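Pasting entry_25.pdb here (PDB, C-alpha atoms):
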ATOM      1  CA  MET A   1       8.844  53.523  17.972  1.00  0.00           C
ATOM      2  CA  THR A   2       6.278  53.129  20.793  1.00  0.00           C
ATOM      3  CA  PRO A   3       2.450  53.316  20.891  1.00  0.00           C
ATOM      4  CA  GLU A   4       2.766  56.289  23.258  1.00  0.00           C
ATOM      5  CA  GLY A   5       5.074  58.101  20.855  1.00  0.00           C
ATOM      6  CA  ARG A   6       2.774  57.486  17.911  1.00  0.00           C
ATOM      7  CA  GLN A   7      -0.216  58.657  19.934  1.00  0.00           C
ATOM      8  CA  LYS A   8       1.630  61.884  20.705  1.00  0.00           C
ATOM      9  CA  ALA A   9       2.515  62.302  17.025  1.00  0.00           C
ATOM     10  CA  TYR A  10      -1.124  61.804  16.051  1.00  0.00           C
ATOM     11  CA  PHE A  11      -2.258  64.532  18.458  1.00  0.00           C
ATOM     12  CA  ARG A  12       0.372  66.885  17.035  1.00  0.00           C
ATOM     13  CA  LEU A  13      -0.896  66.268  13.498  1.00  0.00           C
ATOM     14  CA  ILE A  14      -4.496  66.959  14.481  1.00  0.00           C
ATOM     15  CA  GLU A  15      -3.440  69.967  16.539  1.00  0.00           C
ATOM     16  CA  ASN A  16      -1.705  71.479  13.496  1.00  0.00           C
ATOM     17  CA  LYS A  17      -4.593  70.607  11.144  1.00  0.00           C
ATOM     18  CA  ILE A  18      -2.492  68.235   9.047  1.00  0.00           C
ATOM     19  CA  ASP A  19      -4.837  65.845   7.265  1.00  0.00           C
ATOM     20  CA  ALA A  20      -2.346  63.551   5.485  1.00  0.00           C
ATOM     21  CA  LEU A  21       1.328  62.582   5.376  1.00  0.00           C
ATOM     22  CA  VAL A  22       3.757  61.887   2.550  1.00  0.00           C
ATOM     23  CA  VAL A  23       6.724  59.885   3.873  1.00  0.00           C
ATOM     24  CA  ILE A  24      10.001  59.246   2.055  1.00  0.00           C
ATOM     25  CA  GLY A  25      12.136  56.199   2.826  1.00  0.00           C
ATOM     26  CA  GLY A  26      12.413  52.436   2.662  1.00  0.00           C
ATOM     27  CA  ASN A  27      11.251  49.361   4.548  1.00  0.00           C
ATOM     28  CA  GLY A  28      11.630  50.905   8.005  1.00  0.00           C
ATOM     29  CA  THR A  29       9.759  54.063   7.053  1.00  0.00           C
ATOM     30  CA  PHE A  30       6.913  52.143   5.409  1.00  0.00           C
ATOM     31  CA  THR A  31       6.649  49.696   8.318  1.00  0.00           C
ATOM     32  CA  GLY A  32       6.206  52.641  10.689  1.00  0.00           C
ATOM     33  CA  ALA A  33       3.743  54.348   8.341  1.00  0.00           C
ATOM     34  CA  LEU A  34       1.657  51.182   8.037  1.00  0.00           C
ATOM     35  CA  LYS A  35       1.504  50.752  11.815  1.00  0.00           C
ATOM     36  CA  PHE A  36       0.629  54.419  12.330  1.00  0.00           C
ATOM     37  CA  ASP A  37      -2.227  54.204   9.821  1.00  0.00           C
ATOM     38  CA  GLN A  38      -3.554  51.024  11.414  1.00  0.00           C
ATOM     39  CA  GLU A  39      -3.525  52.550  14.898  1.00  0.00           C
ATOM     40  CA  HIS A  40      -4.878  56.008  14.064  1.00  0.00           C
ATOM     41  CA  ASP A  41      -6.672  55.659  10.725  1.00  0.00           C
ATOM     42  CA  PHE A  42      -4.520  58.401   9.218  1.00  0.00           C
ATOM     43  CA  PRO A  43      -3.920  58.819   5.437  1.00  0.00           C
ATOM     44  CA  ILE A  44      -0.283  58.206   4.487  1.00  0.00           C
ATOM     45  CA  VAL A  45       1.346  57.759   1.078  1.00  0.00           C
ATOM     46  CA  GLY A  46       5.013  56.857   0.643  1.00  0.00           C
ATOM     47  CA  LEU A  47       7.796  57.736  -1.776  1.00  0.00           C
ATOM     48  CA  PRO A  48      10.658  55.248  -2.378  1.00  0.00           C
ATOM     49  CA  GLY A  49      13.827  56.851  -1.052  1.00  0.00           C
ATOM     50  CA  THR A  50      16.894  54.614  -0.741  1.00  0.00           C
ATOM     51  CA  ILE A  51      20.214  54.535  -2.580  1.00  0.00           C
ATOM     52  CA  ASP A  52      20.045  50.709  -2.727  1.00  0.00           C
ATOM     53  CA  ASN A  53      17.183  50.732  -5.286  1.00  0.00           C
ATOM     54  CA  ASP A  54      15.886  47.522  -3.713  1.00  0.00           C
ATOM     55  CA  LEU A  55      12.260  48.514  -3.046  1.00  0.00           C
ATOM     56  CA  TYR A  56       9.612  46.441  -4.759  1.00  0.00           C
ATOM     57  CA  GLY A  57       7.066  48.423  -6.769  1.00  0.00           C
ATOM     58  CA  THR A  58       9.305  50.907  -8.575  1.00  0.00           C
ATOM     59  CA  ASP A  59      12.039  50.690 -11.196  1.00  0.00           C
ATOM     60  CA  TYR A  60      14.113  53.415  -9.535  1.00  0.00           C
ATOM     61  CA  THR A  61      14.253  54.839  -6.031  1.00  0.00           C
ATOM     62  CA  ILE A  62      15.082  58.425  -5.116  1.00  0.00           C
ATOM     63  CA  GLY A  63      18.822  58.677  -4.428  1.00  0.00           C
ATOM     64  CA  PHE A  64      19.951  55.664  -6.433  1.00  0.00           C
ATOM     65  CA  ASP A  65      21.087  57.567  -9.520  1.00  0.00           C
ATOM     66  CA  THR A  66      22.998  60.099  -7.423  1.00  0.00           C
ATOM     67  CA  ALA A  67      24.792  57.309  -5.547  1.00  0.00           C
ATOM     68  CA  VAL A  68      25.669  55.540  -8.789  1.00  0.00           C
ATOM     69  CA  ASN A  69      27.131  58.714 -10.295  1.00  0.00           C
ATOM     70  CA  THR A  70      29.164  59.300  -7.120  1.00  0.00           C
ATOM     71  CA  VAL A  71      30.642  55.799  -7.352  1.00  0.00           C
ATOM     72  CA  VAL A  72      31.324  56.086 -11.082  1.00  0.00           C
ATOM     73  CA  ASP A  73      33.168  59.381 -10.541  1.00  0.00           C
ATOM     74  CA  ALA A  74      35.314  57.819  -7.806  1.00  0.00           C
ATOM     75  CA  ALA A  75      35.992  54.647  -9.804  1.00  0.00           C
ATOM     76  CA  ASP A  76      37.060  56.650 -12.853  1.00  0.00           C
ATOM     77  CA  LYS A  77      39.636  58.438 -10.712  1.00  0.00           C
ATOM     78  CA  ILE A  78      40.836  55.147  -9.231  1.00  0.00           C
ATOM     79  CA  ARG A  79      41.141  53.707 -12.741  1.00  0.00           C
ATOM     80  CA  ASP A  80      43.766  56.367 -13.527  1.00  0.00           C
ATOM     81  CA  THR A  81      45.937  55.162 -10.641  1.00  0.00           C
ATOM     82  CA  ALA A  82      45.320  51.488 -11.448  1.00  0.00           C
ATOM     83  CA  THR A  83      46.469  52.031 -15.014  1.00  0.00           C
ATOM     84  CA  SER A  84      49.524  54.149 -14.248  1.00  0.00           C
ATOM     85  CA  HIS A  85      50.785  51.835 -11.470  1.00  0.00           C
ATOM     86  CA  ASP A  86      49.678  48.450 -12.877  1.00  0.00           C
ATOM     87  CA  ARG A  87      47.441  47.652  -9.925  1.00  0.00           C
ATOM     88  CA  LEU A  88      44.298  45.643  -9.330  1.00  0.00           C
ATOM     89  CA  PHE A  89      41.833  47.690  -7.267  1.00  0.00           C
ATOM     90  CA  PHE A  90      38.955  46.270  -5.253  1.00  0.00           C
ATOM     91  CA  ILE A  91      36.310  48.948  -4.706  1.00  0.00           C
ATOM     92  CA  GLU A  92      33.668  48.293  -2.068  1.00  0.00           C
ATOM     93  CA  VAL A  93      30.265  49.905  -2.566  1.00  0.00           C
ATOM     94  CA  MET A  94      27.121  49.869  -0.432  1.00  0.00           C
ATOM     95  CA  GLY A  95      24.708  46.984  -0.819  1.00  0.00           C
ATOM     96  CA  ARG A  96      24.410  44.762   2.228  1.00  0.00           C
ATOM     97  CA  ASP A  97      21.488  42.802   0.774  1.00  0.00           C
ATOM     98  CA  SER A  98      21.365  43.927  -2.852  1.00  0.00           C
ATOM     99  CA  GLY A  99      23.790  44.572  -5.679  1.00  0.00           C
ATOM    100  CA  PHE A 100      21.984  47.250  -7.687  1.00  0.00           C
ATOM    101  CA  ILE A 101      24.658  49.910  -7.077  1.00  0.00           C
ATOM    102  CA  ALA A 102      27.520  47.501  -7.740  1.00  0.00           C
ATOM    103  CA  LEU A 103      26.019  46.169 -10.960  1.00  0.00           C
ATOM    104  CA  ARG A 104      25.122  49.532 -12.451  1.00  0.00           C
ATOM    105  CA  CYS A 105      28.533  51.005 -11.581  1.00  0.00           C
ATOM    106  CA  GLY A 106      30.417  47.934 -12.745  1.00  0.00           C
ATOM    107  CA  ILE A 107      28.937  48.250 -16.216  1.00  0.00           C
ATOM    108  CA  ALA A 108      29.501  52.007 -16.335  1.00  0.00           C
ATOM    109  CA  VAL A 109      33.207  51.866 -15.421  1.00  0.00           C
ATOM    110  CA  GLY A 110      34.086  48.675 -17.289  1.00  0.00           C
ATOM    111  CA  ALA A 111      34.983  46.735 -14.143  1.00  0.00           C
ATOM    112  CA  GLU A 112      36.685  43.381 -14.685  1.00  0.00           C
ATOM    113  CA  PHE A 113      34.304  41.760 -12.198  1.00  0.00           C
ATOM    114  CA  VAL A 114      31.212  42.741 -10.213  1.00  0.00           C
ATOM    115  CA  LEU A 115      30.473  40.822  -6.994  1.00  0.00           C
ATOM    116  CA  VAL A 116      26.927  41.020  -5.588  1.00  0.00           C
ATOM    117  CA  PRO A 117      24.941  39.309  -2.796  1.00  0.00           C
ATOM    118  CA  GLU A 118      22.444  37.835  -5.285  1.00  0.00           C
ATOM    119  CA  THR A 119      24.970  35.436  -6.840  1.00  0.00           C
ATOM    120  CA  LYS A 120      27.661  33.177  -5.408  1.00  0.00           C
ATOM    121  CA  THR A 121      31.219  34.354  -5.882  1.00  0.00           C
ATOM    122  CA  TYR A 122      33.840  31.811  -6.950  1.00  0.00           C
ATOM    123  CA  ILE A 123      37.266  33.221  -6.104  1.00  0.00           C
ATOM    124  CA  GLU A 124      39.153  30.500  -7.973  1.00  0.00           C
ATOM    125  CA  ASN A 125      37.191  31.133 -11.150  1.00  0.00           C
ATOM    126  CA  MET A 126      37.750  34.876 -10.851  1.00  0.00           C
ATOM    127  CA  THR A 127      41.498  34.526 -10.312  1.00  0.00           C
ATOM    128  CA  ARG A 128      41.725  32.129 -13.272  1.00  0.00           C
ATOM    129  CA  LEU A 129      40.145  34.741 -15.536  1.00  0.00           C
ATOM    130  CA  LEU A 130      42.288  37.516 -14.062  1.00  0.00           C
ATOM    131  CA  LYS A 131      45.397  35.458 -14.834  1.00  0.00           C
ATOM    132  CA  HIS A 132      44.097  35.046 -18.369  1.00  0.00           C
ATOM    133  CA  ASP A 133      43.762  38.841 -18.622  1.00  0.00           C
ATOM    134  CA  ILE A 134      47.358  39.253 -17.436  1.00  0.00           C
ATOM    135  CA  ARG A 135      48.581  36.820 -20.096  1.00  0.00           C
ATOM    136  CA  LYS A 136      46.896  39.113 -22.625  1.00  0.00           C
ATOM    137  CA  ASN A 137      49.018  42.007 -21.253  1.00  0.00           C
ATOM    138  CA  LYS A 138      46.223  43.552 -19.210  1.00  0.00           C
ATOM    139  CA  THR A 139      48.234  44.929 -16.303  1.00  0.00           C
ATOM    140  CA  SER A 140      45.534  46.723 -14.291  1.00  0.00           C
ATOM    141  CA  GLY A 141      41.933  46.295 -13.358  1.00  0.00           C
ATOM    142  CA  ILE A 142      38.980  47.097 -11.120  1.00  0.00           C
ATOM    143  CA  VAL A 143      36.706  44.738  -9.208  1.00  0.00           C
ATOM    144  CA  ILE A 144      33.494  46.223  -7.794  1.00  0.00           C
ATOM    145  CA  VAL A 145      32.409  44.481  -4.578  1.00  0.00           C
ATOM    146  CA  ALA A 146      29.026  44.994  -2.912  1.00  0.00           C
ATOM    147  CA  GLU A 147      29.564  44.993   0.854  1.00  0.00           C
ATOM    148  CA  GLY A 148      27.180  42.049   1.279  1.00  0.00           C
ATOM    149  CA  ASP A 149      28.953  39.665  -1.114  1.00  0.00           C
ATOM    150  CA  ASP A 150      29.106  36.100   0.197  1.00  0.00           C
ATOM    151  CA  GLU A 151      32.927  36.058   0.104  1.00  0.00           C
ATOM    152  CA  GLY A 152      33.103  39.172   2.298  1.00  0.00           C
ATOM    153  CA  GLY A 153      33.765  42.849   1.624  1.00  0.00           C
ATOM    154  CA  ALA A 154      36.482  44.206  -0.649  1.00  0.00           C
ATOM    155  CA  THR A 155      39.243  43.724   1.936  1.00  0.00           C
ATOM    156  CA  GLU A 156      38.471  40.030   2.386  1.00  0.00           C
ATOM    157  CA  VAL A 157      38.030  39.397  -1.334  1.00  0.00           C
ATOM    158  CA  ALA A 158      41.331  41.153  -2.106  1.00  0.00           C
ATOM    159  CA  ARG A 159      43.098  39.027   0.515  1.00  0.00           C
ATOM    160  CA  LYS A 160      41.791  35.800  -1.029  1.00  0.00           C
ATOM    161  CA  VAL A 161      42.779  36.881  -4.530  1.00  0.00           C
ATOM    162  CA  LYS A 162      46.244  37.895  -3.315  1.00  0.00           C
ATOM    163  CA  GLU A 163      46.751  34.428  -1.853  1.00  0.00           C
ATOM    164  CA  GLN A 164      46.274  32.911  -5.292  1.00  0.00           C
ATOM    165  CA  MET A 165      47.983  35.721  -7.223  1.00  0.00           C
ATOM    166  CA  PRO A 166      50.860  36.930  -5.007  1.00  0.00           C
ATOM    167  CA  GLU A 167      52.557  38.576  -7.982  1.00  0.00           C
ATOM    168  CA  VAL A 168      49.695  41.081  -8.451  1.00  0.00           C
ATOM    169  CA  ASP A 169      49.805  44.478  -6.753  1.00  0.00           C
ATOM    170  CA  THR A 170      46.371  44.824  -5.116  1.00  0.00           C
ATOM    171  CA  ARG A 171      44.708  47.791  -3.416  1.00  0.00           C
ATOM    172  CA  VAL A 172      41.379  48.242  -1.626  1.00  0.00           C
ATOM    173  CA  THR A 173      39.143  51.321  -1.566  1.00  0.00           C
ATOM    174  CA  ILE A 174      35.999  51.412   0.577  1.00  0.00           C
ATOM    175  CA  LEU A 175      33.819  54.300  -0.589  1.00  0.00           C
ATOM    176  CA  GLY A 176      31.542  54.177   2.448  1.00  0.00           C
ATOM    177  CA  HIS A 177      29.099  56.944   3.243  1.00  0.00           C
ATOM    178  CA  ILE A 178      30.186  59.357   0.513  1.00  0.00           C
ATOM    179  CA  GLN A 179      27.685  57.358  -1.562  1.00  0.00           C
ATOM    180  CA  ARG A 180      24.846  58.701   0.580  1.00  0.00           C
ATOM    181  CA  GLY A 181      25.527  62.409   0.142  1.00  0.00           C
ATOM    182  CA  GLY A 182      26.224  65.106  -2.385  1.00  0.00           C
ATOM    183  CA  SER A 183      24.264  67.175  -4.858  1.00  0.00           C
ATOM    184  CA  PRO A 184      21.350  65.185  -6.355  1.00  0.00           C
ATOM    185  CA  SER A 185      21.629  64.254 -10.012  1.00  0.00           C
ATOM    186  CA  ALA A 186      19.202  65.804 -12.498  1.00  0.00           C
ATOM    187  CA  TYR A 187      17.474  62.430 -12.855  1.00  0.00           C
ATOM    188  CA  ASP A 188      16.898  62.155  -9.103  1.00  0.00           C
ATOM    189  CA  ARG A 189      15.525  65.696  -8.920  1.00  0.00           C
ATOM    190  CA  ILE A 190      13.055  65.012 -11.706  1.00  0.00           C
ATOM    191  CA  LEU A 191      12.126  61.601 -10.274  1.00  0.00           C
ATOM    192  CA  ALA A 192      11.475  63.017  -6.796  1.00  0.00           C
ATOM    193  CA  SER A 193       9.415  65.898  -8.190  1.00  0.00           C
ATOM    194  CA  GLY A 194       7.261  63.584 -10.295  1.00  0.00           C
ATOM    195  CA  LEU A 195       6.697  61.045  -7.535  1.00  0.00           C
ATOM    196  CA  GLY A 196       5.905  63.824  -5.062  1.00  0.00           C
ATOM    197  CA  ALA A 197       3.183  65.136  -7.335  1.00  0.00           C
ATOM    198  CA  GLU A 198       1.799  61.625  -7.863  1.00  0.00           C
ATOM    199  CA  ALA A 199       1.654  61.158  -4.081  1.00  0.00           C
ATOM    200  CA  VAL A 200      -0.524  64.253  -3.736  1.00  0.00           C
ATOM    201  CA  TYR A 201      -2.787  63.082  -6.569  1.00  0.00           C
ATOM    202  CA  ALA A 202      -3.126  59.686  -4.860  1.00  0.00           C
ATOM    203  CA  LEU A 203      -4.176  61.311  -1.571  1.00  0.00           C
ATOM    204  CA  LEU A 204      -6.699  63.518  -3.358  1.00  0.00           C
ATOM    205  CA  ASP A 205      -8.127  60.356  -4.941  1.00  0.00           C
ATOM    206  CA  GLY A 206      -8.579  58.842  -1.506  1.00  0.00           C
ATOM    207  CA  LYS A 207      -5.649  56.424  -1.737  1.00  0.00           C
ATOM    208  CA  ARG A 208      -3.691  55.601   1.427  1.00  0.00           C
ATOM    209  CA  GLY A 209      -1.247  53.049   2.796  1.00  0.00           C
ATOM    210  CA  VAL A 210       0.536  52.820  -0.549  1.00  0.00           C
ATOM    211  CA  MET A 211       3.943  53.594  -2.046  1.00  0.00           C
ATOM    212  CA  VAL A 212       4.045  55.568  -5.287  1.00  0.00           C
ATOM    213  CA  GLY A 213       6.506  54.302  -7.880  1.00  0.00           C
ATOM    214  CA  TYR A 214       7.224  54.232 -11.599  1.00  0.00           C
ATOM    215  CA  VAL A 215       7.208  50.851 -13.353  1.00  0.00           C
ATOM    216  CA  ASP A 216       7.875  50.893 -17.105  1.00  0.00           C
ATOM    217  CA  LYS A 217       7.442  54.696 -16.939  1.00  0.00           C
ATOM    218  CA  GLN A 218       3.905  54.312 -15.607  1.00  0.00           C
ATOM    219  CA  THR A 219       2.735  55.335 -12.124  1.00  0.00           C
ATOM    220  CA  GLN A 220       2.128  52.351  -9.866  1.00  0.00           C
ATOM    221  CA  LEU A 221       0.661  52.259  -6.355  1.00  0.00           C
ATOM    222  CA  THR A 222       1.952  49.407  -4.200  1.00  0.00           C
ATOM    223  CA  PRO A 223       0.491  48.691  -0.735  1.00  0.00           C
ATOM    224  CA  PHE A 224       3.027  49.250   2.046  1.00  0.00           C
ATOM    225  CA  SER A 225       2.669  45.617   3.133  1.00  0.00           C
ATOM    226  CA  GLU A 226       3.605  44.421  -0.368  1.00  0.00           C
ATOM    227  CA  ALA A 227       6.470  46.891  -0.797  1.00  0.00           C
ATOM    228  CA  ILE A 228       7.901  45.724   2.533  1.00  0.00           C
ATOM    229  CA  SER A 229       7.505  41.967   2.067  1.00  0.00           C
ATOM    230  CA  SER A 230       8.216  41.486  -1.661  1.00  0.00           C
ATOM    231  CA  LYS A 231      11.715  41.178  -3.101  1.00  0.00           C
ATOM    232  CA  LYS A 232      12.903  43.194  -6.076  1.00  0.00           C
ATOM    233  CA  GLU A 233      14.931  40.987  -8.399  1.00  0.00           C
ATOM    234  CA  LEU A 234      18.334  41.962  -9.760  1.00  0.00           C
ATOM    235  CA  ASN A 235      18.883  41.281 -13.465  1.00  0.00           C
ATOM    236  CA  THR A 236      21.882  38.990 -12.978  1.00  0.00           C
ATOM    237  CA  ARG A 237      22.291  38.554 -16.742  1.00  0.00           C
ATOM    238  CA  LEU A 238      23.837  42.027 -16.717  1.00  0.00           C
ATOM    239  CA  LEU A 239      26.790  40.584 -14.769  1.00  0.00           C
ATOM    240  CA  GLU A 240      27.769  38.780 -17.951  1.00  0.00           C
ATOM    241  CA  LEU A 241      27.484  42.059 -19.863  1.00  0.00           C
ATOM    242  CA  ALA A 242      29.819  43.713 -17.358  1.00  0.00           C
ATOM    243  CA  ARG A 243      32.427  41.005 -17.931  1.00  0.00           C
ATOM    244  CA  ILE A 244      32.091  41.247 -21.721  1.00  0.00           C
ATOM    245  CA  LEU A 245      32.561  45.025 -21.676  1.00  0.00           C
ATOM    246  CA  ALA A 246      35.714  44.619 -19.604  1.00  0.00           C
ATOM    247  CA  LEU A 247      37.455  42.370 -22.118  1.00  0.00           C
TER
END
The structure in this file should be written as structure tokens.
Amino acid sequence: MTPEGRQKAYFRLIENKIDALVVIGGNGTFTGALKFDQEHDFPIVGLPGTIDNDLYGTDYTIGFDTAVNTVVDAADKIRDTATSHDRLFFIEVMGRDSGFIALRCGIAVGAEFVLVPETKTYIENMTRLLKHDIRKNKTSGIVIVAEGDDEGGATEVARKVKEQMPEVDTRVTILGHIQRGGSPSAYDRILASGLGAEAVYALLDGKRGVMVGYVDKQTQLTPFSEAISSKKELNTRLLELARILAL
């Protein structure tokens, strides 16, 4: 975090005859890698590693698929309780600035609604549609809430819905850091292996200061500065698909 610390790290690399680095992480990791390269002219290539899947320059980040499968497994279990006890569950997932986890999981588990930071949430509209579901004898449901939703986390959203639907039995589950651990999915293992190899190839080709990613199944090298500053867009049209699948 300091010039002195980075200088010490550089000496350690030279001392141990390390001629390049492959770093795994997100914006913070790549910001540090970019600064280190600028100060010490040292070859560094990065791999996208974040469960949020919000890094520009790659379709999928290492860890995202594992996190999604963890949430889907938990939501499926919660669905059993929601159905047997006629309850409306609000499940909070990680995503302070992005809704990639929430959206993917919402579609997979057939959630009634998916709330993400990228779009504005209208509580009144949501409760109107939930009341419509109840009139059609739908007595249970799940709402997936990304922690960064503009109406608040799952606890706050559930409170606001309860105010307008006092007759509904609501519950809140915050999955928290279980989303960041566990045994990696097969997809993540294969993705990490492939990207790791591509990082080595990039270094051998003299590339540096770039993140290796896959875009449309093709290898893409994105400069650290671009990966850090550019925003990866969420396909918000899939929110409509999630609602359709829940009907």
Contact residues around A:Thr31 with only C-alpha atoms at 10 Å, ignoring same-chain residues under 2 positions, as number ranges by chain:
A: 26-29, 33-36, 224-225, 227-229
Emit as JSON the padded axis-aligned box for all listed atoms of stretch 228-236 of chain A, 4 Å per side, with centre and edge lengths in Å to one decimal.
{"center_x": 14.7, "center_y": 42.4, "center_z": -5.5, "size_x": 22.4, "size_y": 14.7, "size_z": 24.0}
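Taking atom CA of A:Tyr56 and atom CA of A:Lys232 as endpoints, the distance between them is 4.8 Å.
Here the PyMOL selection byres ((chain A and resi 172-174) around 8) matches the residues A:Phe89, A:Phe90, A:Ile91, A:Glu92, A:Val93, A:Ala154, A:Thr155, A:Ala158, A:Thr170, A:Arg171, A:Leu175, A:Gly176.
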Quick one: residues within 12 Å of A:Met165, only C-alpha atoms, excluding same-chain residues fewer than 3 positions away - as number ranges by chain?
A: 88, 123-124, 126-132, 134, 158-162, 168-170
One decimal, Å: what's the distance from atom CA of A:Arg104 over to atom CA of A:Glu147, could you say?
14.7 Å
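Against the coordinates shown, the PyMOL selection byres ((chain A and resi 238) around 12) returns Gly99, Phe100, Ala102, Leu103, Arg104, Cys105, Gly106, Ile107, Ala108, Phe113, Val114, Leu115, Val116, Thr119, Leu234, Asn235, Thr236, Arg237, Leu239, Glu240, Leu241, Ala242, Arg243, Ile244 and Leu245 of chain A.
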Could you tell me which residues the PyMOL selection byres ((chain A and resi 25) around 10) returns for this structure, as JSON, numbers by chain?
{"A": [23, 24, 26, 27, 28, 29, 30, 46, 47, 48, 49, 50, 51, 55, 61, 62, 211]}
For atom CA of A:Gly194 and atom CA of A:Pro43, the interatomic separation in Å (one decimal):
19.9 Å
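Distances to A:Gly63 were evaluated for A:Asp80, A:Asp216, A:Asp188, A:Glu167 using only C-alpha atoms, and the minimum falls at A:Asp188.
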Between A:Asn69, A:Gln164, A:Thr2, A:Leu247, single out the one closest to A:Gly182, counting only C-alpha atoms.
A:Asn69
Of A:Gln38, A:Asn53, A:Thr58, A:Ser230, the one nearest to A:Lys217 when counting only C-alpha atoms is A:Thr58
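Shortest separation to A:Gly153 among A:Gly110, A:Gly181, A:Pro166, A:Gly95 occurs at residue A:Gly95, atoms counted being only C-alpha atoms.
Of the residues listed (A:Val72, A:Val215, A:Val157, A:Val210), A:Val72 shows the shortest atom-to-atom separation from A:Ile101; distances use all atoms listed in the file.
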Min atom-atom distance to A:Gly152 from the set A:Arg189, A:Lys17, A:Arg6, A:Lys120, counting all atoms listed in the file, belongs to A:Lys120
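All residues of protein, DNA or RNA that reach within 7 Å of A:Ser140, judged by all atoms listed in the file and not counting those fewer than 5 positions away in the chain, are Ala82, Thr83, Asp86, Arg87 and Leu88 of chain A.
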